[in-house]
>>> print(open('final_21.tsv').read())   # TSV, C-alpha atoms
chain	number	residue	atom	x	y	z
A	70	MET	CA	-88.85	-56.30	11.73
A	71	VAL	CA	-86.82	-57.73	14.62
A	72	ILE	CA	-83.36	-56.28	15.21
A	73	TRP	CA	-81.04	-58.34	17.41
A	74	GLU	CA	-77.95	-56.74	18.90
A	75	SER	CA	-75.98	-59.99	18.88
A	76	THR	CA	-72.96	-58.46	20.64
A	77	ARG	CA	-71.51	-55.13	21.64
A	78	ALA	CA	-67.98	-56.21	20.73
A	79	CYS	CA	-66.55	-54.18	17.86
A	80	PRO	CA	-63.04	-52.97	16.95
A	81	LEU	CA	-64.29	-49.62	15.63
A	82	ALA	CA	-64.72	-46.37	17.59
A	83	CYS	CA	-67.58	-44.69	15.74
A	84	LEU	CA	-68.48	-41.19	16.89
A	85	HIS	CA	-72.23	-41.91	16.93
A	86	CYS	CA	-72.26	-45.48	18.31
A	87	ARG	CA	-75.57	-46.24	20.01
A	88	ALA	CA	-74.16	-49.35	21.67
A	89	GLU	CA	-70.99	-47.61	22.92
A	90	ALA	CA	-69.24	-50.72	21.61
A	91	VAL	CA	-66.27	-52.28	23.40
A	92	PRO	CA	-63.43	-54.55	22.21
A	93	ASP	CA	-64.55	-57.73	24.02
A	94	ARG	CA	-67.78	-59.72	24.15
A	95	ASP	CA	-70.03	-59.47	27.20
A	96	PRO	CA	-70.39	-62.79	29.10
A	97	ARG	CA	-74.09	-61.95	29.58
A	98	GLU	CA	-74.77	-62.15	25.83
A	99	LEU	CA	-77.37	-64.60	24.59
A	100	ASP	CA	-75.39	-67.79	23.92
A	101	THR	CA	-76.01	-70.02	20.92
A	102	ALA	CA	-78.83	-71.96	22.56
A	103	ALA	CA	-80.58	-68.76	23.69
A	104	ALA	CA	-80.10	-67.22	20.24
A	105	ARG	CA	-81.67	-70.26	18.58
A	106	ASP	CA	-84.58	-69.94	21.00
A	107	LEU	CA	-84.93	-66.27	20.02
A	108	LEU	CA	-85.15	-67.31	16.37
A	109	ARG	CA	-87.94	-69.74	17.29
A	110	GLN	CA	-89.74	-66.91	19.07
A	111	VAL	CA	-89.50	-64.81	15.89
A	112	ALA	CA	-90.87	-67.70	13.83
A	113	ALA	CA	-93.81	-67.85	16.26
A	114	PHE	CA	-95.13	-64.52	14.93
A	115	GLY	CA	-96.53	-66.52	12.01
A	116	HIS	CA	-95.95	-66.82	8.31
A	117	PRO	CA	-94.28	-64.92	6.86
A	118	ALA	CA	-92.08	-64.37	9.88
A	119	PRO	CA	-90.64	-60.90	10.51
A	120	LEU	CA	-87.31	-60.04	8.94
A	121	PHE	CA	-84.63	-60.83	11.53
A	122	VAL	CA	-81.58	-58.54	11.35
A	123	ILE	CA	-78.43	-59.55	13.23
A	124	THR	CA	-76.48	-56.44	14.15
A	125	GLY	CA	-74.09	-55.30	16.87
A	126	GLY	CA	-71.42	-54.15	17.65
A	127	ASP	CA	-69.95	-56.35	14.97
A	128	PRO	CA	-71.82	-59.67	14.58
A	129	PHE	CA	-68.70	-61.22	13.02
A	130	GLN	CA	-67.29	-61.23	16.56
A	131	ARG	CA	-69.64	-64.17	17.24
A	132	PRO	CA	-68.23	-67.52	16.07
A	133	ASP	CA	-71.77	-68.93	15.76
A	134	LEU	CA	-73.00	-66.28	13.30
A	135	THR	CA	-73.15	-68.55	10.25
A	136	GLU	CA	-74.77	-71.33	12.30
A	137	LEU	CA	-77.53	-68.97	13.45
A	138	VAL	CA	-78.19	-67.72	9.91
A	139	ALA	CA	-78.53	-71.33	8.72
A	140	TYR	CA	-80.86	-72.18	11.61
A	141	GLY	CA	-83.05	-69.19	10.81
A	142	LYS	CA	-83.39	-70.40	7.22
A	143	GLU	CA	-84.20	-73.90	8.44
A	144	ILE	CA	-87.18	-72.71	10.54
A	145	GLY	CA	-88.48	-70.19	7.99
A	146	VAL	CA	-87.03	-66.92	9.34
A	147	ARG	CA	-85.43	-64.55	6.83
A	148	VAL	CA	-82.11	-63.39	8.28
A	149	ALA	CA	-80.09	-60.34	7.24
A	150	VAL	CA	-76.76	-59.29	8.72
A	151	SER	CA	-75.43	-55.83	9.50
A	152	PRO	CA	-71.66	-56.13	10.06
A	153	SER	CA	-69.06	-53.48	10.76
A	154	GLY	CA	-66.47	-52.50	8.15
A	155	THR	CA	-63.48	-54.31	9.60
A	156	PRO	CA	-60.83	-56.78	8.34
A	157	THR	CA	-63.22	-59.62	9.33
A	158	LEU	CA	-65.57	-58.49	6.54
A	159	THR	CA	-63.98	-60.64	3.84
A	160	ALA	CA	-65.33	-62.18	0.65
A	161	ARG	CA	-64.91	-65.63	2.22
A	162	ARG	CA	-67.01	-64.75	5.27
A	163	LEU	CA	-69.66	-63.17	3.05
A	164	ARG	CA	-69.76	-66.30	0.90
A	165	GLU	CA	-70.31	-68.38	4.05
A	166	LEU	CA	-73.21	-66.14	5.07
A	167	HIS	CA	-74.72	-66.30	1.60
A	168	THR	CA	-74.42	-70.11	1.51
A	169	ALA	CA	-75.98	-70.34	4.98
A	170	GLY	CA	-79.02	-68.43	3.69
A	171	ALA	CA	-78.59	-64.75	4.59
A	172	VAL	CA	-81.12	-62.79	2.56
A	173	GLY	CA	-79.31	-59.47	2.74
A	174	LEU	CA	-76.47	-57.37	4.05
A	175	SER	CA	-76.47	-53.80	5.32
A	176	LEU	CA	-73.30	-51.73	5.35
A	177	SER	CA	-72.58	-48.26	6.69
A	178	LEU	CA	-71.20	-45.54	4.44
A	179	ASP	CA	-70.90	-42.16	6.13
A	180	GLY	CA	-68.72	-40.37	3.61
A	181	SER	CA	-67.87	-40.46	-0.07
A	182	THR	CA	-64.14	-40.49	0.70
A	183	ALA	CA	-61.88	-42.35	3.09
A	184	ALA	CA	-61.04	-39.09	4.85
A	185	ILE	CA	-64.67	-38.41	5.78
A	186	HIS	CA	-65.82	-41.97	6.47
A	187	ASP	CA	-62.77	-43.21	8.39
A	188	THR	CA	-62.72	-40.12	10.60
A	189	PHE	CA	-66.31	-40.81	11.58
A	190	ARG	CA	-65.65	-44.51	12.19
A	191	GLY	CA	-62.49	-43.87	14.20
A	192	VAL	CA	-60.24	-46.36	12.36
A	193	PRO	CA	-58.28	-45.91	9.11
A	194	GLY	CA	-59.09	-48.36	6.32
A	195	VAL	CA	-62.80	-48.80	7.07
A	196	PHE	CA	-63.86	-47.03	3.86
A	197	ARG	CA	-61.84	-49.41	1.68
A	198	TRP	CA	-62.97	-52.51	3.61
A	199	THR	CA	-66.58	-51.41	3.22
A	200	LEU	CA	-66.35	-50.81	-0.53
A	201	ASP	CA	-64.59	-54.15	-1.07
A	202	ALA	CA	-67.24	-56.00	0.95
A	203	TRP	CA	-69.99	-54.19	-0.91
A	204	ASP	CA	-68.61	-55.28	-4.28
A	205	ALA	CA	-68.03	-58.84	-3.02
A	206	ALA	CA	-71.59	-59.13	-1.71
A	207	ARG	CA	-73.02	-57.83	-4.97
A	208	ALA	CA	-70.89	-60.34	-6.92
A	209	LEU	CA	-72.39	-63.12	-4.80
A	210	GLY	CA	-75.89	-61.90	-5.64
A	211	MET	CA	-76.64	-60.66	-2.13
A	212	LYS	CA	-79.07	-57.80	-1.58
A	213	VAL	CA	-77.15	-54.86	-0.10
A	214	GLN	CA	-78.55	-51.94	1.89
A	215	ILE	CA	-76.33	-48.91	2.46
A	216	ASN	CA	-76.91	-46.90	5.64
A	217	THR	CA	-75.68	-43.32	6.02
A	218	THR	CA	-75.76	-41.49	9.33
A	219	VAL	CA	-76.71	-37.88	8.59
A	220	THR	CA	-74.81	-35.47	10.85
A	221	ARG	CA	-73.00	-32.18	10.43
A	222	HIS	CA	-69.80	-33.98	9.42
A	223	ASN	CA	-71.29	-35.20	6.12
A	224	LEU	CA	-74.29	-32.95	5.52
A	225	HIS	CA	-72.80	-31.43	2.37
A	226	ASP	CA	-71.36	-34.76	1.18
A	227	LEU	CA	-74.74	-36.50	0.81
A	228	PRO	CA	-75.02	-36.14	-3.00
A	229	ASP	CA	-71.56	-37.65	-3.45
A	230	ILE	CA	-72.53	-40.56	-1.19
A	231	VAL	CA	-75.66	-41.13	-3.27
A	232	ARG	CA	-73.51	-41.12	-6.42
A	233	LEU	CA	-71.43	-43.93	-4.90
A	234	VAL	CA	-74.62	-45.86	-4.12
A	235	ALA	CA	-75.83	-45.38	-7.68
A	236	ASP	CA	-72.49	-46.46	-9.15
A	237	HIS	CA	-71.93	-49.57	-6.98
A	238	GLY	CA	-75.58	-50.58	-6.87
A	239	ALA	CA	-77.74	-51.27	-3.81
A	240	MET	CA	-81.18	-52.59	-3.00
A	241	LEU	CA	-81.76	-49.56	-0.77
A	242	TRP	CA	-80.10	-46.43	0.59
A	243	SER	CA	-81.19	-45.45	4.09
A	244	ALA	CA	-80.49	-41.99	5.50
A	245	PHE	CA	-80.32	-42.39	9.28
A	246	PHE	CA	-81.01	-39.24	11.28
A	247	LEU	CA	-79.00	-39.22	14.47
A	248	VAL	CA	-80.66	-39.93	17.82
A	249	PRO	CA	-78.84	-38.49	20.86
A	250	THR	CA	-78.03	-41.75	22.62
A	251	GLY	CA	-74.76	-43.57	23.33
A	252	ARG	CA	-71.76	-41.73	21.89
A	253	GLY	CA	-74.14	-39.82	19.62
A	254	ARG	CA	-75.00	-37.49	22.50
A	255	GLY	CA	-71.84	-35.55	21.76
A	256	LEU	CA	-72.67	-34.80	18.13
A	257	GLY	CA	-74.46	-31.59	17.20
A	258	ALA	CA	-78.15	-31.59	16.34
A	259	LEU	CA	-79.51	-30.50	12.98
A	260	THR	CA	-82.10	-27.75	12.89
A	261	PRO	CA	-85.66	-28.67	11.85
A	262	GLY	CA	-85.16	-26.57	8.71
A	263	GLU	CA	-82.03	-28.51	7.76
A	264	VAL	CA	-83.84	-31.78	8.36
A	265	GLU	CA	-86.67	-30.64	6.10
A	266	ASP	CA	-84.16	-29.79	3.36
A	267	VAL	CA	-82.45	-33.19	3.65
A	268	LEU	CA	-85.76	-35.09	3.68
A	269	ASN	CA	-86.78	-33.41	0.44
A	270	PHE	CA	-83.37	-34.18	-1.05
A	271	VAL	CA	-83.82	-37.85	-0.09
A	272	HIS	CA	-87.23	-37.76	-1.77
A	273	ASP	CA	-85.68	-36.34	-4.95
A	274	VAL	CA	-82.91	-38.93	-5.25
A	275	GLY	CA	-85.46	-41.69	-4.66
A	276	LEU	CA	-85.95	-41.70	-8.41
A	277	THR	CA	-82.27	-42.51	-8.90
A	278	VAL	CA	-81.63	-44.92	-6.00
A	279	PRO	CA	-84.26	-46.66	-3.85
A	280	ALA	CA	-84.19	-44.44	-0.75
A	281	LYS	CA	-85.71	-44.37	2.72
A	282	THR	CA	-85.02	-42.80	6.09
A	283	THR	CA	-84.40	-44.20	9.57
A	284	GLU	CA	-85.51	-42.25	12.66
A	285	ALA	CA	-87.00	-39.56	10.43
A	286	HIS	CA	-90.60	-40.69	10.28
A	287	HIS	CA	-91.73	-37.32	8.99
A	288	PHE	CA	-90.34	-38.48	5.64
A	289	ARG	CA	-93.83	-40.01	5.23
A	290	ARG	CA	-95.31	-36.52	5.59
A	291	VAL	CA	-92.85	-35.14	3.03
A	292	ALA	CA	-93.69	-37.94	0.57
A	293	LEU	CA	-97.42	-37.21	0.88
A	294	GLN	CA	-96.89	-33.47	0.53
A	295	ARG	CA	-94.71	-33.94	-2.53
A	296	HIS	CA	-97.27	-36.31	-4.08
A	297	VAL	CA	-100.00	-33.69	-3.72
A	298	LEU	CA	-97.83	-30.85	-5.01
A	299	ALA	CA	-96.69	-32.86	-8.02
A	300	ALA	CA	-100.33	-33.50	-8.92
A	301	THR	CA	-101.32	-29.84	-8.54
A	302	GLY	CA	-98.24	-28.45	-10.30
A	303	ASP	CA	-97.14	-26.29	-7.37
A	304	ASP	CA	-93.44	-25.58	-6.84
A	305	HIS	CA	-92.58	-27.74	-3.84
A	306	ALA	CA	-89.52	-25.71	-2.75
A	307	THR	CA	-91.62	-22.54	-2.53
A	308	VAL	CA	-94.71	-24.08	-0.92
A	309	LEU	CA	-92.68	-26.03	1.63
A	310	GLY	CA	-90.30	-23.14	2.34
A	311	LEU	CA	-87.15	-25.13	1.66
A	312	GLY	CA	-83.87	-23.42	2.42
A	313	PRO	CA	-80.34	-22.94	1.05
A	314	LEU	CA	-79.18	-26.42	2.09
A	315	TYR	CA	-81.82	-27.97	-0.17
A	316	ARG	CA	-80.71	-25.81	-3.08
A	317	GLU	CA	-77.06	-26.72	-2.48
A	318	LEU	CA	-77.79	-30.46	-2.30
A	319	SER	CA	-80.00	-30.31	-5.38
A	320	GLU	CA	-77.41	-28.41	-7.40
A	321	ARG	CA	-74.66	-30.84	-6.43
A	322	ALA	CA	-76.92	-33.79	-7.32
A	323	ALA	CA	-77.46	-32.24	-10.76
A	324	GLU	CA	-73.69	-31.77	-11.21
A	325	LEU	CA	-73.21	-35.47	-10.46
A	326	GLY	CA	-75.87	-36.48	-12.96
A	327	LEU	CA	-78.18	-37.93	-10.33
A	328	ASN	CA	-81.20	-36.22	-11.87
A	329	SER	CA	-80.58	-37.46	-15.42
A	330	GLU	CA	-83.45	-39.30	-17.10
A	331	ALA	CA	-81.11	-42.19	-17.92
A	332	ARG	CA	-80.57	-42.85	-14.21
A	333	GLN	CA	-84.18	-42.26	-13.20
A	334	VAL	CA	-85.95	-44.32	-15.82
A	335	ARG	CA	-85.04	-47.59	-14.12
A	336	ARG	CA	-86.42	-46.58	-10.72
A	337	VAL	CA	-89.88	-46.61	-9.24
A	338	ARG	CA	-90.09	-44.55	-6.07
A	339	ARG	CA	-90.26	-46.71	-2.94
A	340	PRO	CA	-93.21	-45.72	-0.69
A	341	PRO	CA	-92.02	-44.98	2.87
A	342	LEU	CA	-92.95	-47.82	5.22
A	343	ASP	CA	-95.36	-47.02	8.03
A	344	VAL	CA	-93.04	-48.39	10.71
A	345	ASN	CA	-92.05	-46.78	13.99
A	346	ALA	CA	-90.65	-47.79	17.38
A	347	GLY	CA	-92.91	-50.54	18.69
A	348	ARG	CA	-95.05	-50.32	15.56
A	349	GLY	CA	-93.78	-52.97	13.21
A	350	PHE	CA	-90.33	-52.78	14.81
A	351	VAL	CA	-88.78	-54.40	17.88
A	352	PHE	CA	-85.22	-54.48	19.22
A	353	VAL	CA	-83.64	-57.24	21.29
A	354	SER	CA	-80.43	-56.37	23.13
A	355	HIS	CA	-77.35	-58.55	23.48
A	356	THR	CA	-78.57	-59.66	26.90
A	357	GLY	CA	-82.12	-60.39	25.72
A	358	THR	CA	-83.99	-57.31	26.95
A	359	VAL	CA	-86.70	-56.05	24.60
A	360	HIS	CA	-87.09	-52.42	23.49
A	361	PRO	CA	-89.24	-50.56	20.94
A	362	SER	CA	-86.01	-49.48	19.21
A	363	GLY	CA	-82.29	-49.70	19.77
A	364	PHE	CA	-82.37	-45.93	20.20
A	365	LEU	CA	-85.21	-46.00	22.77
A	366	PRO	CA	-83.73	-47.62	25.88
A	367	LEU	CA	-87.02	-48.21	27.71
A	368	GLY	CA	-87.43	-51.95	28.40
A	369	ALA	CA	-90.58	-54.03	28.09
A	370	GLY	CA	-89.29	-57.43	29.26
A	371	SER	CA	-86.76	-60.10	28.37
A	372	VAL	CA	-86.90	-62.93	25.86
A	373	ARG	CA	-85.30	-65.12	28.53
A	374	GLU	CA	-88.49	-64.83	30.59
A	375	THR	CA	-91.38	-63.89	28.25
A	376	PRO	CA	-91.99	-64.82	24.60
A	377	LEU	CA	-91.16	-62.01	22.20
A	378	THR	CA	-94.62	-62.29	20.62
A	379	GLU	CA	-96.25	-61.61	23.99
A	380	ILE	CA	-93.99	-58.64	24.77
A	381	TYR	CA	-94.60	-57.06	21.37
A	382	ARG	CA	-98.35	-57.62	21.32
A	383	ALA	CA	-99.33	-57.13	24.95
A	384	SER	CA	-96.84	-54.90	26.79
A	385	GLU	CA	-98.09	-51.53	27.99
A	386	LEU	CA	-95.11	-49.74	26.44
A	387	PHE	CA	-95.55	-51.19	22.95
A	388	ASN	CA	-99.32	-50.69	22.94
A	389	GLY	CA	-98.87	-47.13	24.15
A	390	LEU	CA	-96.45	-46.30	21.35
A	391	ARG	CA	-98.95	-47.64	18.81
A	392	ASP	CA	-101.63	-45.21	20.04
A	393	ALA	CA	-101.27	-41.95	18.06
A	394	ASP	CA	-103.72	-40.23	20.42
A	395	ARG	CA	-101.12	-40.37	23.19
A	396	LEU	CA	-98.70	-38.13	21.32
A	397	GLY	CA	-98.09	-34.70	22.79
A	398	GLY	CA	-97.25	-31.24	21.49
A	399	ARG	CA	-97.38	-30.60	17.76
A	400	CYS	CA	-97.28	-34.34	17.02
A	401	GLY	CA	-100.53	-34.84	18.92
A	402	ALA	CA	-102.23	-32.06	16.96
A	403	CYS	CA	-100.79	-33.00	13.56
A	404	GLU	CA	-102.94	-34.30	10.73
A	405	PHE	CA	-100.07	-36.64	9.79
A	406	ARG	CA	-99.73	-38.22	13.23
A	407	ARG	CA	-101.19	-41.61	12.22
A	408	VAL	CA	-98.89	-42.04	9.22
A	409	CYS	CA	-95.84	-40.40	10.78
A	410	GLY	CA	-95.78	-40.21	14.56
A	411	GLY	CA	-92.32	-38.66	14.71
A	412	SER	CA	-89.22	-40.35	16.12
A	413	ARG	CA	-90.22	-41.64	19.53
A	414	SER	CA	-86.55	-42.40	20.14
A	415	ARG	CA	-85.45	-38.81	19.51
A	416	ALA	CA	-88.36	-37.43	21.54
A	417	TYR	CA	-87.24	-39.57	24.47
A	418	GLY	CA	-83.54	-38.79	23.95
A	419	VAL	CA	-84.15	-35.04	23.99
A	420	THR	CA	-87.00	-34.70	26.51
A	421	GLY	CA	-87.15	-37.96	28.47
A	422	ASP	CA	-90.75	-38.45	27.28
A	423	PRO	CA	-91.32	-40.98	24.48
A	424	TYR	CA	-94.67	-39.32	23.65
A	425	ALA	CA	-93.31	-35.78	23.30
A	426	GLU	CA	-93.30	-33.98	19.95
A	427	GLU	CA	-90.57	-34.75	17.43
A	428	PRO	CA	-87.74	-32.26	18.18
A	429	TRP	CA	-86.37	-32.30	14.62
A	430	CYS	CA	-89.67	-31.52	12.87
A	431	GLY	CA	-90.62	-27.91	12.12
A	432	TYR	CA	-94.00	-28.58	10.52
A	433	VAL	CA	-96.89	-26.54	11.95
A	434	PRO	CA	-100.03	-28.72	12.03
A	435	GLY	CA	-102.66	-27.59	9.55
A	436	SER	CA	-100.31	-25.30	7.61
A	437	PHE	CA	-100.14	-27.31	4.36
A	438	PRO	CA	-102.14	-25.25	1.84
A	439	ARG	CA	-103.59	-28.08	-0.29
A	440	ARG	CA	-105.81	-29.36	2.53
A	441	ARG	CA	-108.58	-30.91	0.43
A	442	GLU	CA	-106.22	-32.91	-1.77
A	443	LEU	CA	-104.19	-33.91	1.29
A	444	ALA	CA	-107.27	-35.08	3.19
A	445	ALA	CA	-108.22	-37.36	0.30
A	446	LEU	CA	-104.71	-38.81	0.16
A	447	LEU	CA	-104.60	-39.37	3.93
A	448	GLU	CA	-107.94	-41.16	3.79
A	449	GLU	CA	-106.64	-43.37	1.00
A	450	SER	CA	-103.50	-44.09	3.06
A	451	ARG	CA	-105.56	-45.00	6.14
A	452	ALA	CA	-107.76	-47.30	4.03
A	453	ARG	CA	-104.68	-49.14	2.72
A	454	GLN	CA	-103.35	-49.57	6.27
A	455	GLY	CA	-106.73	-50.91	7.40
A	456	SER	CA	-106.74	-53.52	4.66
>>> encode(input="final_21.tsv", output="structure tokens")
Amino acid sequence: MVIWESTRACPLACLHCRAEAVPDRDPRELDTAAARDLLRQVAAFGHPAPLFVITGGDPFQRPDLTELVAYGKEIGVRVAVSPSGTPTLTARRLRELHTAGAVGLSLSLDGSTAAIHDTFRGVPGVFRWTLDAWDAARALGMKVQINTTVTRHNLHDLPDIVRLVADHGAMLWSAFFLVPTGRGRGLGALTPGEVEDVLNFVHDVGLTVPAKTTEAHHFRRVALQRHVLAATGDDHATVLGLGPLYRELSERAAELGLNSEARQVRRVRRPPLDVNAGRGFVFVSHTGTVHPSGFLPLGAGSVRETPLTEIYRASELFNGLRDADRLGGRCGACEFRRVCGGSRSRAYGVTGDPYAEEPWCGYVPGSFPRRRELAALLEESRARQGS
């Protein structure tokens, strides 16, 4: 997956903004010719080419957005767009993107009400614009992903957000766990226990809406643990030591009918993807610099000077991040390190070391009681990755 920060221009003032977006476009941005060259570099990875996601800032601030989507389709690159919820996000603009060949759209929903969402986004009206765009995109037949930033401001609102996702319909709901970078440095951290409770809640609602996490790679550990415990009949909340937040979220989900068999029967749980910073994921900034993630500001080169394929495959930084044996602390000792690896972005944001242990994970390596069943499942997972 290649994420391109097409611009940092955006009219919103989101509390967590990684890009610390500004009203006007940067003259150093990749221009249309350079952006077309970037698309050719993505196509050079081979067939099928990586998914290319145009984000920002607000990509609708670029007048060449539709042209670039069409060019991507022409050369065999699947292009998705991640716009901001602003007045530019109209049904007409979405229709243009769809006609040009955009394969999907991702929208941010950080609250189940305008009061919660608009406060987080810093501008009144964003909640309504987002819902209208969501419905318009679905009417066009576009695949829609809904992203929710999980912070203290909406921790107890998560079940209500999931209910909105279930009601409006989405290809995927992604719970993004904050990384302390950009404006997000000023928002409070969750405790590892709270993170564990939310990850298990996300796992539960995965039967109602297709769900994944972003920057919470230990969701793969949770999914494996829950798979083993379901097979052995153990009570997962007891074995995993889940806390009051998990009980509260679960009870609210039940009140909203998210656990009903009628809602769950249509869903097959989506396996968490084994993707991490620099491992199946690369970020290109608005000026063309290349990073393992938009939340990990270490650079590995520039697409203006070196092909993206070469940076991704050969740079010391990217190869280092793909080596699980370089991980430190509990991550380095953990039996899940090759299928999880922790958030390298959060490790760097908190400690300055991209190989440090995941600060938001409380798991003690070797403490899961069903070791034999887990070992067999991990071996099966490694075999699938090898194939």
>>> closest_residue(input="final_21.tsv", among="A:Thr168, A:Ser151, A:Thr76, A:Thr282", to="A:Val264", atoms="all atoms listed in the file")
A:Thr282
>>> residues_around(input="final_21.tsv", residues="A:Gly410", least_positions_apart="6", cutoff="7 Å", atoms="only C-alpha atoms", output="PyMOL selection string")
chain A and resi 286+393+400
>>> residues_around(input="final_21.tsv", residues="A:Asp273", least_positions_apart="5", cutoff="9 Å", atoms="only C-alpha atoms", output="list in words")
Leu268, Ser319 and Asn328 of chain A
>>> write_last_selection(input="final_21.tsv", atoms="C-alpha atoms", output="mmCIF file, in the coordinates of the input")
data_model
loop_
_atom_site.group_PDB
_atom_site.id
_atom_site.type_symbol
_atom_site.label_atom_id
_atom_site.label_comp_id
_atom_site.auth_asym_id
_atom_site.auth_seq_id
_atom_site.Cartn_x
_atom_site.Cartn_y
_atom_site.Cartn_z
ATOM 1 C CA LEU A 268 -85.760 -35.090 3.680
ATOM 2 C CA SER A 319 -80.000 -30.310 -5.380
ATOM 3 C CA ASN A 328 -81.200 -36.220 -11.870
#
>>> residues_around(input="final_21.tsv", residues="stretch 312-315 of chain A", least_positions_apart="3", cutoff="12 Å", atoms="all atoms listed in the file", output="JSON, numbers by chain")
{"A": [221, 224, 225, 226, 227, 228, 259, 260, 261, 262, 263, 264, 265, 266, 267, 268, 269, 270, 271, 272, 273, 305, 306, 307, 308, 309, 318, 319, 320, 321, 322]}
>>> atom_distance(input="final_21.tsv", atom1="atom CA of A:Leu446", atom2="atom CA of A:Ala292")
11.1 Å
>>> residues_around(input="final_21.tsv", residues="A:Val353", least_positions_apart="4", cutoff="12 Å", atoms="all atoms listed in the file", output="PyMOL selection string")
chain A and resi 70-76+98-99+104+107-108+110-111+121-125+347+357-373+376-377+380-381
>>> closest_residue(input="final_21.tsv", among="A:Phe196, A:Phe405, A:Phe350, A:Phe114", to="A:Arg391", atoms="only C-alpha atoms")
A:Phe350
>>> residues_near_point(input="final_21.tsv", point="(-91.3, -43.4, 15.2)", cutoff="12 Å", atoms="only C-alpha atoms", output="ChimeraX atom specification")
/A:246,248,282-289,342-351,361-365,387,390-393,396,400,406-417,423-427
>>> residues_around(input="final_21.tsv", residues="A:Glu404", least_positions_apart="2", cutoff="7 Å", atoms="only C-alpha atoms", output="count of residues only")
4
>>> atom_distance(input="final_21.tsv", atom1="atom CA of A:Ser181", atom2="atom CA of A:Pro249")
23.7 Å
>>> atom_distance(input="final_21.tsv", atom1="atom CA of A:Ala445", atom2="atom CA of A:Pro279")
26.0 Å
>>> closest_residue(input="final_21.tsv", among="A:Thr356, A:Ala205, A:Thr155, A:Val219", to="A:Pro193", atoms="all atoms listed in the file")
A:Thr155
